[in-house]
Structure formats: C-alpha cells, structure tokens
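my_file14.cif (mmCIF, C-alpha atoms) appears below.
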data_input
#
loop_
_atom_site.label_atom_id
_atom_site.label_comp_id
_atom_site.auth_asym_id
_atom_site.auth_seq_id
_atom_site.Cartn_x
_atom_site.Cartn_y
_atom_site.Cartn_z
CA MET A 18 277.67 -33.46 186.18
CA VAL A 19 276.83 -37.17 186.40
CA LYS A 20 276.71 -38.75 182.97
CA ASN A 21 274.91 -41.83 181.64
CA LEU A 22 272.22 -41.94 184.29
CA SER A 23 269.68 -44.71 183.75
CA ASN A 24 266.16 -43.83 182.69
CA ARG A 25 264.91 -45.34 185.93
CA HIS A 26 267.14 -42.96 187.89
CA LEU A 27 265.87 -40.01 185.84
CA PHE A 28 262.28 -41.13 186.35
CA LEU A 29 262.60 -41.42 190.12
CA ASN A 30 264.61 -38.24 190.61
CA TYR A 31 263.27 -35.77 188.06
CA LEU A 32 259.56 -36.63 187.85
CA GLY A 33 257.02 -35.93 190.56
CA GLN A 34 255.87 -39.27 191.91
CA THR A 35 252.32 -40.41 192.61
CA SER A 36 253.39 -43.09 195.10
CA LYS A 37 256.45 -44.47 196.83
CA HIS A 38 256.30 -47.65 194.77
CA PRO A 39 255.55 -46.99 191.07
CA ILE A 40 255.46 -49.95 188.69
CA ALA A 41 258.33 -48.31 186.77
CA LEU A 42 258.10 -50.43 183.64
CA GLU A 43 260.18 -48.78 180.93
CA ILE A 44 258.02 -49.05 177.82
CA LYS A 45 259.77 -48.61 174.49
CA LYS A 46 256.78 -49.17 172.21
CA ALA A 47 253.19 -50.42 172.24
CA LYS A 48 250.96 -52.08 169.68
CA GLY A 49 247.46 -53.49 170.05
CA ILE A 50 247.13 -55.03 173.52
CA TYR A 51 250.91 -55.35 173.94
CA LEU A 52 253.53 -53.24 175.70
CA TYR A 53 257.22 -53.78 174.95
CA THR A 54 259.93 -52.82 177.42
CA SER A 55 263.38 -51.49 176.63
CA LYS A 56 264.71 -54.94 177.57
CA GLY A 57 262.52 -56.67 175.02
CA LYS A 58 259.95 -58.15 177.39
CA LYS A 59 256.34 -58.20 176.18
CA TYR A 60 253.43 -57.43 178.48
CA ILE A 61 249.71 -57.68 177.83
CA ASP A 62 247.91 -54.50 178.83
CA MET A 63 244.83 -55.58 180.80
CA VAL A 64 243.91 -52.13 182.09
CA SER A 65 244.07 -50.01 178.91
CA GLY A 66 245.92 -47.21 180.68
CA VAL A 67 242.96 -47.26 183.13
CA CYS A 68 240.18 -47.29 180.54
CA VAL A 69 241.86 -44.88 178.12
CA ASN A 70 243.13 -47.08 175.29
CA ASN A 71 239.82 -48.74 174.44
CA PHE A 72 241.09 -49.42 170.92
CA GLY A 73 244.50 -50.64 171.94
CA HIS A 74 247.81 -48.97 171.31
CA ASN A 75 248.98 -47.37 168.09
CA HIS A 76 245.80 -48.08 166.15
CA GLN A 77 246.40 -47.20 162.52
CA LYS A 78 243.24 -45.11 162.08
CA VAL A 79 243.91 -43.08 165.22
CA VAL A 80 247.56 -42.52 164.39
CA GLU A 81 246.69 -41.37 160.86
CA ALA A 82 244.15 -38.89 162.25
CA VAL A 83 246.70 -37.46 164.69
CA VAL A 84 249.41 -37.10 162.05
CA ASN A 85 247.08 -35.59 159.45
CA GLN A 86 245.71 -32.98 161.83
CA ALA A 87 249.18 -32.08 163.16
CA LYS A 88 250.17 -31.28 159.58
CA ILE A 89 247.21 -28.89 159.23
CA HIS A 90 247.47 -27.06 162.55
CA MET A 91 247.80 -27.67 166.27
CA HIS A 92 246.88 -25.18 169.01
CA LEU A 93 245.57 -21.86 167.69
CA MET A 94 243.81 -20.03 170.52
CA VAL A 95 242.31 -20.61 173.96
CA TYR A 96 239.18 -22.74 173.76
CA GLY A 97 235.97 -21.13 172.62
CA GLU A 98 237.27 -18.28 170.47
CA TYR A 99 238.05 -19.77 167.04
CA ILE A 100 235.96 -22.04 164.84
CA GLN A 101 237.96 -25.25 164.45
CA GLN A 102 236.81 -28.12 162.24
CA PRO A 103 237.88 -31.07 164.46
CA GLN A 104 235.92 -29.68 167.42
CA LEU A 105 232.81 -29.18 165.31
CA GLN A 106 232.96 -32.55 163.60
CA TYR A 107 233.38 -34.45 166.84
CA ALA A 108 230.66 -32.55 168.67
CA LYS A 109 228.16 -33.04 165.83
CA THR A 110 228.79 -36.79 165.67
CA LEU A 111 228.74 -37.40 169.42
CA VAL A 112 225.65 -35.31 170.08
CA SER A 113 223.77 -37.23 167.39
CA LEU A 114 224.25 -40.38 169.48
CA LEU A 115 222.98 -38.89 172.75
CA PRO A 116 219.55 -38.01 174.22
CA HIS A 117 218.13 -34.79 172.83
CA ASN A 118 218.90 -32.75 175.96
CA LEU A 119 222.63 -33.47 175.66
CA GLU A 120 223.30 -31.15 172.77
CA SER A 121 226.14 -28.81 173.78
CA ILE A 122 229.66 -29.88 174.71
CA TYR A 123 232.29 -27.90 176.56
CA TYR A 124 235.76 -29.28 175.81
CA VAL A 125 238.38 -29.59 178.54
CA ASN A 126 241.58 -31.58 179.08
CA SER A 127 240.76 -34.28 181.61
CA GLY A 128 238.14 -35.96 183.75
CA SER A 129 238.99 -33.86 186.78
CA GLU A 130 238.56 -30.64 184.84
CA ALA A 131 235.31 -31.91 183.35
CA ILE A 132 233.97 -32.55 186.86
CA GLU A 133 235.06 -29.08 187.94
CA GLY A 134 233.30 -27.52 184.96
CA ALA A 135 230.15 -29.57 185.50
CA ILE A 136 229.90 -28.57 189.17
CA LYS A 137 230.45 -24.91 188.31
CA LEU A 138 227.81 -25.14 185.60
CA ALA A 139 225.28 -26.67 188.01
CA LYS A 140 225.88 -24.01 190.67
CA ARG A 141 225.75 -21.23 188.08
CA PHE A 142 222.53 -22.45 186.46
CA THR A 143 220.56 -23.38 189.60
CA LYS A 144 221.95 -20.58 191.78
CA ARG A 145 222.25 -23.19 194.55
CA THR A 146 225.31 -24.38 196.44
CA GLU A 147 224.59 -27.84 197.87
CA ILE A 148 226.28 -30.74 196.09
CA ILE A 149 225.39 -34.38 196.73
CA ALA A 150 227.72 -37.22 195.79
CA PHE A 151 228.35 -40.77 196.98
CA LYS A 152 230.86 -42.48 199.22
CA ASN A 153 233.54 -44.63 197.58
CA ALA A 154 233.30 -42.65 194.35
CA TYR A 155 236.29 -41.19 192.55
CA HIS A 156 235.84 -38.03 190.49
CA GLY A 157 239.40 -36.70 190.22
CA SER A 158 242.20 -35.05 192.16
CA THR A 159 241.56 -31.32 191.87
CA HIS A 160 240.05 -29.52 194.85
CA GLY A 161 236.45 -29.56 193.68
CA ALA A 162 236.64 -33.18 192.55
CA LEU A 163 238.29 -34.18 195.83
CA SER A 164 235.49 -32.48 197.74
CA ILE A 165 232.98 -34.98 196.40
CA GLY A 166 235.32 -37.97 196.59
CA HIS A 167 236.65 -40.51 199.08
CA GLU A 168 237.77 -39.39 202.53
CA ASN A 169 241.14 -41.14 202.31
CA LEU A 170 242.29 -38.91 199.46
CA LYS A 171 241.20 -35.53 200.76
CA ASN A 172 241.86 -35.19 204.49
CA THR A 173 245.35 -33.76 203.96
CA PHE A 174 244.03 -31.05 201.64
CA ARG A 175 241.23 -29.53 203.67
CA PRO A 176 239.50 -27.13 203.64
CA LEU A 177 237.69 -28.10 200.47
CA LEU A 178 234.33 -27.11 198.99
CA PRO A 179 231.64 -26.41 201.58
CA ASP A 180 228.03 -27.61 201.40
CA VAL A 181 228.85 -31.12 200.18
CA LYS A 182 226.90 -34.19 201.31
CA LEU A 183 228.25 -37.70 200.75
CA LEU A 184 225.60 -40.42 200.78
CA GLU A 185 225.68 -44.22 200.60
CA PHE A 186 225.45 -45.53 197.03
CA ASN A 187 222.41 -47.78 196.47
CA ASN A 188 220.76 -46.60 199.71
CA ARG A 189 217.25 -45.71 198.57
CA GLU A 190 216.41 -43.82 201.78
CA ASN A 191 219.08 -41.24 200.90
CA ILE A 192 217.26 -40.24 197.73
CA LEU A 193 214.91 -38.06 199.75
CA LYS A 194 217.91 -36.00 200.94
CA VAL A 195 217.98 -34.40 197.51
CA SER A 196 216.04 -31.18 198.03
CA LYS A 197 215.28 -27.82 196.46
CA LYS A 198 218.52 -26.61 198.05
CA THR A 199 220.57 -29.09 195.99
CA ALA A 200 222.38 -27.74 192.93
CA CYS A 201 223.42 -31.13 191.63
CA VAL A 202 223.77 -34.81 192.33
CA VAL A 203 227.02 -36.28 190.98
CA VAL A 204 227.08 -40.04 190.48
CA GLU A 205 229.06 -42.70 188.69
CA PRO A 206 226.48 -45.03 187.13
CA ILE A 207 228.89 -47.80 188.11
CA GLN A 208 231.30 -47.11 190.95
CA ALA A 209 234.58 -48.04 189.30
CA GLU A 210 237.24 -47.45 191.97
CA ALA A 211 235.08 -49.06 194.65
CA GLY A 212 235.54 -52.29 192.72
CA VAL A 213 232.88 -52.14 189.99
CA ILE A 214 229.81 -51.64 192.18
CA LEU A 215 226.68 -51.71 190.03
CA PRO A 216 223.50 -49.79 190.86
CA GLU A 217 220.66 -51.78 192.33
CA GLU A 218 217.35 -51.99 190.50
CA ASP A 219 215.74 -48.59 189.88
CA PHE A 220 218.21 -46.74 192.13
CA LEU A 221 219.41 -44.44 189.35
CA LYS A 222 215.90 -44.04 187.94
CA ASP A 223 214.46 -43.03 191.31
CA LEU A 224 217.39 -40.70 191.90
CA SER A 225 216.79 -39.13 188.50
CA ASP A 226 213.08 -38.71 189.27
CA ARG A 227 213.92 -37.00 192.57
CA CYS A 228 216.26 -34.60 190.79
CA LYS A 229 213.53 -33.66 188.32
CA LYS A 230 211.07 -33.10 191.16
CA THR A 231 213.42 -30.75 193.05
CA GLY A 232 214.93 -28.93 190.06
CA THR A 233 218.33 -30.48 190.79
CA LEU A 234 220.76 -31.17 187.96
CA PHE A 235 221.71 -34.84 187.63
CA ILE A 236 225.39 -35.29 186.68
CA PHE A 237 226.69 -38.63 185.43
CA ASP A 238 230.45 -39.17 185.68
CA GLU A 239 231.21 -41.56 182.80
CA VAL A 240 234.93 -40.86 182.67
CA GLN A 241 235.78 -44.55 183.17
CA THR A 242 232.59 -46.20 181.99
CA GLY A 243 232.08 -44.33 178.72
CA PHE A 244 232.85 -45.11 175.09
CA GLY A 245 231.96 -48.78 175.00
CA ARG A 246 233.66 -49.97 178.17
CA CYS A 247 230.39 -51.36 179.58
CA GLY A 248 229.01 -52.75 176.32
CA THR A 249 227.01 -49.69 175.29
CA LEU A 250 228.29 -46.31 174.19
CA PHE A 251 227.62 -45.03 177.72
CA ALA A 252 226.65 -46.98 180.82
CA PHE A 253 223.60 -44.82 181.53
CA GLU A 254 221.95 -46.30 178.45
CA GLN A 255 221.49 -49.53 180.41
CA TYR A 256 219.37 -47.84 183.07
CA GLU A 257 216.16 -45.82 182.98
CA ALA A 258 217.97 -42.62 183.82
CA ALA A 259 219.62 -39.93 181.73
CA PRO A 260 221.84 -37.10 182.96
CA ASP A 261 221.30 -33.37 182.74
CA ILE A 262 225.09 -33.12 182.47
CA LEU A 263 227.31 -35.90 181.16
CA VAL A 264 231.00 -35.90 182.13
CA ILE A 265 233.45 -37.67 179.82
CA ALA A 266 237.21 -38.10 179.32
CA LYS A 267 239.72 -41.00 179.27
CA ALA A 268 238.78 -43.10 176.18
CA MET A 269 237.20 -40.03 174.60
CA GLY A 270 240.50 -38.92 173.07
CA GLY A 271 241.53 -42.29 171.65
CA GLY A 272 244.78 -42.08 173.64
CA MET A 273 245.15 -38.30 173.43
CA PRO A 274 244.25 -36.00 176.37
CA LEU A 275 240.66 -34.82 176.06
CA GLY A 276 237.61 -34.39 178.26
CA GLY A 277 234.28 -32.66 178.21
CA PHE A 278 230.96 -32.05 179.87
CA ILE A 279 227.73 -32.07 177.87
CA SER A 280 224.36 -30.55 178.64
CA SER A 281 221.47 -28.72 177.01
CA LYS A 282 222.17 -25.49 175.16
CA ASN A 283 220.04 -23.61 177.67
CA ILE A 284 222.01 -24.86 180.66
CA MET A 285 225.42 -24.61 178.99
CA ASP A 286 224.90 -21.03 177.86
CA SER A 287 224.73 -19.88 181.47
CA LEU A 288 228.54 -20.27 181.69
CA ALA A 289 229.02 -17.58 179.05
CA GLU A 290 227.79 -14.68 181.19
CA ASN A 291 227.75 -13.33 184.74
CA PRO A 292 230.69 -13.71 184.64
CA THR A 293 231.81 -13.86 181.04
CA ALA A 294 234.06 -16.91 180.62
CA GLY A 295 232.62 -18.72 183.62
CA HIS A 296 235.00 -21.53 182.78
CA ILE A 297 238.23 -21.00 180.87
CA THR A 298 240.67 -23.54 179.45
CA THR A 299 243.66 -23.00 177.17
CA PHE A 300 244.06 -26.45 175.64
CA GLY A 301 240.51 -27.83 175.92
CA GLY A 302 239.41 -29.31 172.61
CA HIS A 303 242.94 -29.37 171.22
CA PRO A 304 242.52 -30.00 167.48
CA VAL A 305 244.88 -32.99 167.44
CA SER A 306 243.07 -34.57 170.38
CA CYS A 307 239.71 -33.95 168.68
CA ALA A 308 240.95 -35.52 165.47
CA SER A 309 242.05 -38.57 167.44
CA ALA A 310 238.67 -38.63 169.19
CA ILE A 311 236.83 -38.59 165.85
CA ALA A 312 238.80 -41.61 164.65
CA ALA A 313 238.16 -43.47 167.90
CA LEU A 314 234.44 -42.72 167.90
CA ASN A 315 234.13 -43.83 164.28
CA LEU A 316 235.78 -47.13 165.19
CA LEU A 317 233.23 -47.61 167.94
CA ILE A 318 230.11 -46.84 165.91
CA ASN A 319 231.11 -48.11 162.47
CA THR A 320 232.64 -51.49 163.33
CA SER A 321 231.52 -54.56 165.31
CA ILE A 322 233.77 -53.76 168.30
CA LEU A 323 230.95 -52.58 170.56
CA SER A 324 228.68 -55.54 169.84
CA LYS A 325 231.33 -58.00 171.10
CA VAL A 326 232.18 -56.33 174.41
CA LYS A 327 229.64 -58.20 176.53
CA THR A 328 230.54 -61.66 175.24
CA LYS A 329 234.24 -60.97 175.79
CA GLY A 330 233.55 -59.89 179.36
CA ASP A 331 231.41 -62.99 179.89
CA LEU A 332 234.27 -65.19 178.67
CA ILE A 333 236.64 -63.76 181.29
CA TYR A 334 234.00 -64.01 184.00
CA ASN A 335 233.02 -67.61 183.27
CA THR A 336 236.64 -68.76 183.04
CA LEU A 337 237.75 -67.26 186.35
CA LYS A 338 234.66 -67.24 188.59
CA ASN A 339 235.14 -70.70 190.12
CA HIS A 340 238.81 -70.39 191.00
CA PRO A 341 239.39 -71.32 194.67
CA THR A 342 240.96 -67.94 195.50
CA VAL A 343 238.11 -65.94 193.97
CA PHE A 344 235.32 -64.70 196.24
CA GLN A 345 233.35 -62.82 193.61
CA ILE A 346 233.70 -61.22 190.20
CA ARG A 347 231.68 -58.09 189.45
CA LYS A 348 231.54 -56.94 185.87
CA THR A 349 229.95 -54.74 183.29
CA GLY A 350 231.16 -55.28 179.74
CA LEU A 351 234.96 -55.34 179.82
CA LEU A 352 235.28 -53.70 183.23
CA LEU A 353 235.77 -56.40 185.85
CA ALA A 354 236.73 -56.54 189.51
CA VAL A 355 238.15 -59.89 190.55
CA GLU A 356 237.64 -59.92 194.31
CA LEU A 357 239.69 -62.47 196.20
CA LYS A 358 238.86 -64.19 199.48
CA GLU A 359 241.72 -62.58 201.40
CA LYS A 360 242.84 -58.96 201.40
CA LYS A 361 246.54 -59.83 201.28
CA LEU A 362 246.06 -61.88 198.13
CA ALA A 363 245.09 -58.95 195.89
CA ALA A 364 248.47 -57.18 196.01
CA LYS A 365 250.25 -60.52 195.65
CA ALA A 366 248.08 -61.37 192.67
CA ILE A 367 248.92 -58.13 190.87
CA ASN A 368 252.64 -58.79 191.34
CA ALA A 369 252.28 -62.42 190.28
CA LEU A 370 250.36 -61.40 187.17
CA LEU A 371 253.08 -58.91 186.28
CA GLU A 372 255.59 -61.77 186.45
CA GLU A 373 253.35 -63.63 184.00
CA GLY A 374 253.49 -60.64 181.66
CA LEU A 375 250.06 -59.22 182.50
CA VAL A 376 249.54 -55.60 183.52
CA THR A 377 246.57 -55.38 185.88
CA ASP A 378 245.87 -52.80 188.56
CA ARG A 379 244.43 -52.26 192.01
CA PHE A 380 241.31 -50.28 192.83
CA LEU A 381 241.64 -47.14 194.90
CA PHE A 382 238.92 -48.13 197.35
CA ASN A 383 238.87 -51.93 197.34
CA ASP A 384 241.91 -53.75 198.69
CA TYR A 385 240.47 -57.20 198.02
CA ALA A 386 240.20 -56.94 194.24
CA PHE A 387 242.24 -56.36 191.11
CA ARG A 388 241.09 -54.69 187.90
CA ILE A 389 240.65 -56.24 184.47
CA ALA A 390 239.83 -53.73 181.71
CA PRO A 391 241.62 -54.68 178.49
CA PRO A 392 241.31 -52.86 175.17
CA LEU A 393 237.92 -53.56 173.61
CA THR A 394 239.79 -54.90 170.58
CA ILE A 395 241.18 -57.89 172.49
CA THR A 396 240.29 -61.14 170.71
CA LYS A 397 238.70 -64.23 172.27
CA ARG A 398 241.91 -66.15 171.56
CA GLU A 399 243.91 -63.51 173.42
CA ILE A 400 241.42 -63.63 176.29
CA LYS A 401 241.88 -67.39 176.61
CA THR A 402 245.67 -66.91 176.74
CA VAL A 403 245.27 -64.20 179.38
CA CYS A 404 242.94 -66.32 181.50
CA LYS A 405 245.41 -69.22 181.49
CA LYS A 406 248.07 -66.84 182.80
CA ILE A 407 245.71 -65.48 185.46
CA ILE A 408 244.79 -68.99 186.63
CA LYS A 409 248.47 -69.92 186.80
CA ALA A 410 249.22 -66.86 188.92
CA LEU A 411 246.23 -67.44 191.20
CA ASP A 412 247.15 -71.11 191.60
CA ALA A 413 250.51 -70.03 193.01
CA LEU A 414 248.73 -67.99 195.70
CA LYS A 415 246.75 -70.87 197.19
#
For the structure just supplied, provide its representation as structure tokens.
Amino acid sequence: MVKNLSNRHLFLNYLGQTSKHPIALEIKKAKGIYLYTSKGKKYIDMVSGVCVNNFGHNHQKVVEAVVNQAKIHMHLMVYGEYIQQPQLQYAKTLVSLLPHNLESIYYVNSGSEAIEGAIKLAKRFTKRTEIIAFKNAYHGSTHGALSIGHENLKNTFRPLLPDVKLLEFNNRENILKVSKKTACVVVEPIQAEAGVILPEEDFLKDLSDRCKKTGTLFIFDEVQTGFGRCGTLFAFEQYEAAPDILVIAKAMGGGMPLGGFISSKNIMDSLAENPTAGHITTFGGHPVSCASAIAALNLLINTSILSKVKTKGDLIYNTLKNHPTVFQIRKTGLLLAVELKEKKLAAKAINALLEEGLVTDRFLFNDYAFRIAPPLTITKREIKTVCKKIIKALDALK
C-alpha cells in the first residue's frame, strides 16, 4: 500500500471528476468572503460556491443553528412522515413572504431534484405531458432536468423525456406555442448560465398570461436567482409575473444541502395520491439543513443585507464597465456577467484573476464572459479592493 499520498492525488484518483481540469484548490478553512488554502494563501470568493453562500462562509448565526439542531436530532425518517419543528418553522416563515398561491412546500435535497419534483407535479395535476422550456437554460443534471436544458449537456444521455419543446428566450412569437396540451412552462426569470440574460419588457408577464389562458402551470426556476441574489427575495418580484410552482435550492440552505418546490395546497396535494407518494425523498428537509435555512432567511429579512445588494452590484458595474477589454456587463443585483470582447480572453481572465487571489467562474453557455456573484455580505471597501484586482488582471490581457 502506498503511504503518504497527497490530498491532490487522493482527490484526482478517488473522487469522481466533473471535468478533466478541476480548479483543485485545497481549502483548509473559510470565513466571510475568504477561502484559505492548506498552504496559507488567501482567496476572495467571488462566486459564493455558485450562488450558495449568500451570507459568506462560517457565519456565526448559521453555524450556531446547525450545531444546536444537531444536538437535538438529525435524520429521523424519510420526508413527509414525521412532524419536525425545523421544517415547520421554515415553511411558515417563507410562505408568509410569498404570494398567496405559494403556500405549500415540498422539501428535497437539491435544485435538480426540485425541478424533477416540479415537473412531475405539473404532469400529475394537469394530466398533460408537453413541457416547454427555453434554450440556453440550465435546470440541473438529472434526466428530467437535462431534458429541458442545453443541447451540449444532454446529447450523450439520450433518450430523455419525450414531448419537450425548447423555445427561444425573449422571443414573443413563441408564447403562442403554449397550448392546452402543455402541462407546464419552465423558465428561469433570468438566464444565469447563458451569461445573465434578463427578460425583455413584459415577456414574463405575457408568458404568464398565456399559461393562465391555457391552464398551463408556470414554473419559475429560482435556484440561482433566489434569496436576495438579485436584490429582492426572489427575482420574479421584479416582474409582473408570479409562478404556479416556485423551484428553489442553493442559497436556501445557508450552505447546507436543501431544495424545494412550492405551490398551492390544491396543486401540491395531487402528489399524495394516484399513486401514493408520487414523489419520495429520504433526506429532503433534513432538520439540520432546515435549521441552517431558518438562520439564513432571518439574516435576509431582519437585517439590512438585502437593501444594499443593488448598490453593491452597481459599484462593481460602474467600476469595470469602461475597461478596454470589456464588451458588456449584464447584471441583476450581485449576479454579474462580465463579457469580454474576445472569446479567448474569458478563460485567460479567470486564470489571471485566480493568480490575483480571486475565485471567479465561467458560465456553462457563454464562453465570452466570467461570473461575479460574491456573498451578499461583501462590503463596499472589499468590492473596491476586488475591482482593483480585476482591473489589474484585465490590464495584463490587453
């Protein structure tokens, strides 16, 4: 047996890999917006674990909630069978902040599973099979989620779900393709992995109106955009459209794994019969994750964090928008896509920023841009420091 193998060797040889070239930073600890490697180097996290750590790393309130609940109990039974206080407390608080029709939450483990559950719910309730989604969207990696996602990710895994139509986002003519055969329309209010593509005026409203007219369920995927990322609790609040089913995850758990889909009681109850247990999950609504989620939600609604998101995003935008390498910056709150003038520059920029101690990220479906999505708790002083580092890195690319 080989002894004293490095952690990097163990990582590359014993863990299933998502790509041939992982970042492979070895993080020893994290605090606030900072990541610390085993070699003592400090990085600034400008992607929040891809919109998960909205309140930074190791937040005292979240950690206390996790520890306190773990001392009481952890997993007890598959989801839906036992009455558990953390699930109830979180659901009651969240539902009170949502439109009246979003009153019943089904807890799951991740965004992908939440999408799967939402699609199943729509097909079960409407007794229809057609699903409409939009090109350049990302809804997850499971088979159902892949079926309504980008072509590049799913060709190898066919056959997938039948009766799926993929339309162009922001193309108003496509709205009329929603018919009385359509079970659901699944949309990201802002297309995140396409490079932060915002909806054009009234597109979501008109799409919502069409769904109402045809009896189609309107599903909003707010896995990335939810919980303050866009400057409001959810992005849909900024548009004249509300979902019949809201899909959430990522920042929901405050750093712990948690997801959910939310609908009316009438719609949600259809999953409980014909068949019984129309969706089943063992760990959905894990009490420790729910306790963490409660702490995170309380931070969002009981502090000034949310009210400062837009101005922080504006500060980044205004500081970087005129750089010679920048073609365009698209943003909503603290979710920004910095699109460069040349495709080859984006990958170089991400590497150069890493050398400057900044963790950024690419987008799945936009090779010209890099992602900026720091914890919402980042200060204006920290933003100014970050922007200086970004400008330095971009200057070296010219």
Since I can't run it myself right now, could you work out what the PyMOL selection byres ((chain A and resi 43) around 8) selects here and report it as a PyMOL selection string?
chain A and resi 24-25+41-42+44-45+54-55
Residue contacts of Phe186 (chain A) (9 Å, all atoms listed in the file) excluding same-chain residues fewer than 6 positions away, as a VMD selection string
chain A and resid 150 to 154 204 208 214 216 220
Any chance you could resolve the PyMOL selection byres ((chain A and resi 231) around 8) against this file and give the residues as a PyMOL selection string?
chain A and resi 195-197+199+227-230+232-233
With the file shown as input, list the residues that the PyMOL selection byres ((chain A and resi 350) around 10) selects, as a ChimeraX atom specification.
/A:242,245-249,252,323,325-331,348-349,351-353,390,393
Which residue gives the smallest distance to Thr402 (chain A) among A:Leu314, A:Leu414, A:Leu332, A:Val95, with all atoms listed in the file counted?
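Of all the options, A:Leu332 lies closest to Thr402 (chain A).
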Counting only C-alpha atoms, I want the residues whose atoms come within 9 Å of (228.6, -37.9, 171.5) in the file frame, returned as a ChimeraX atom specification.
/A:107-115,119-120,122,250,279,314
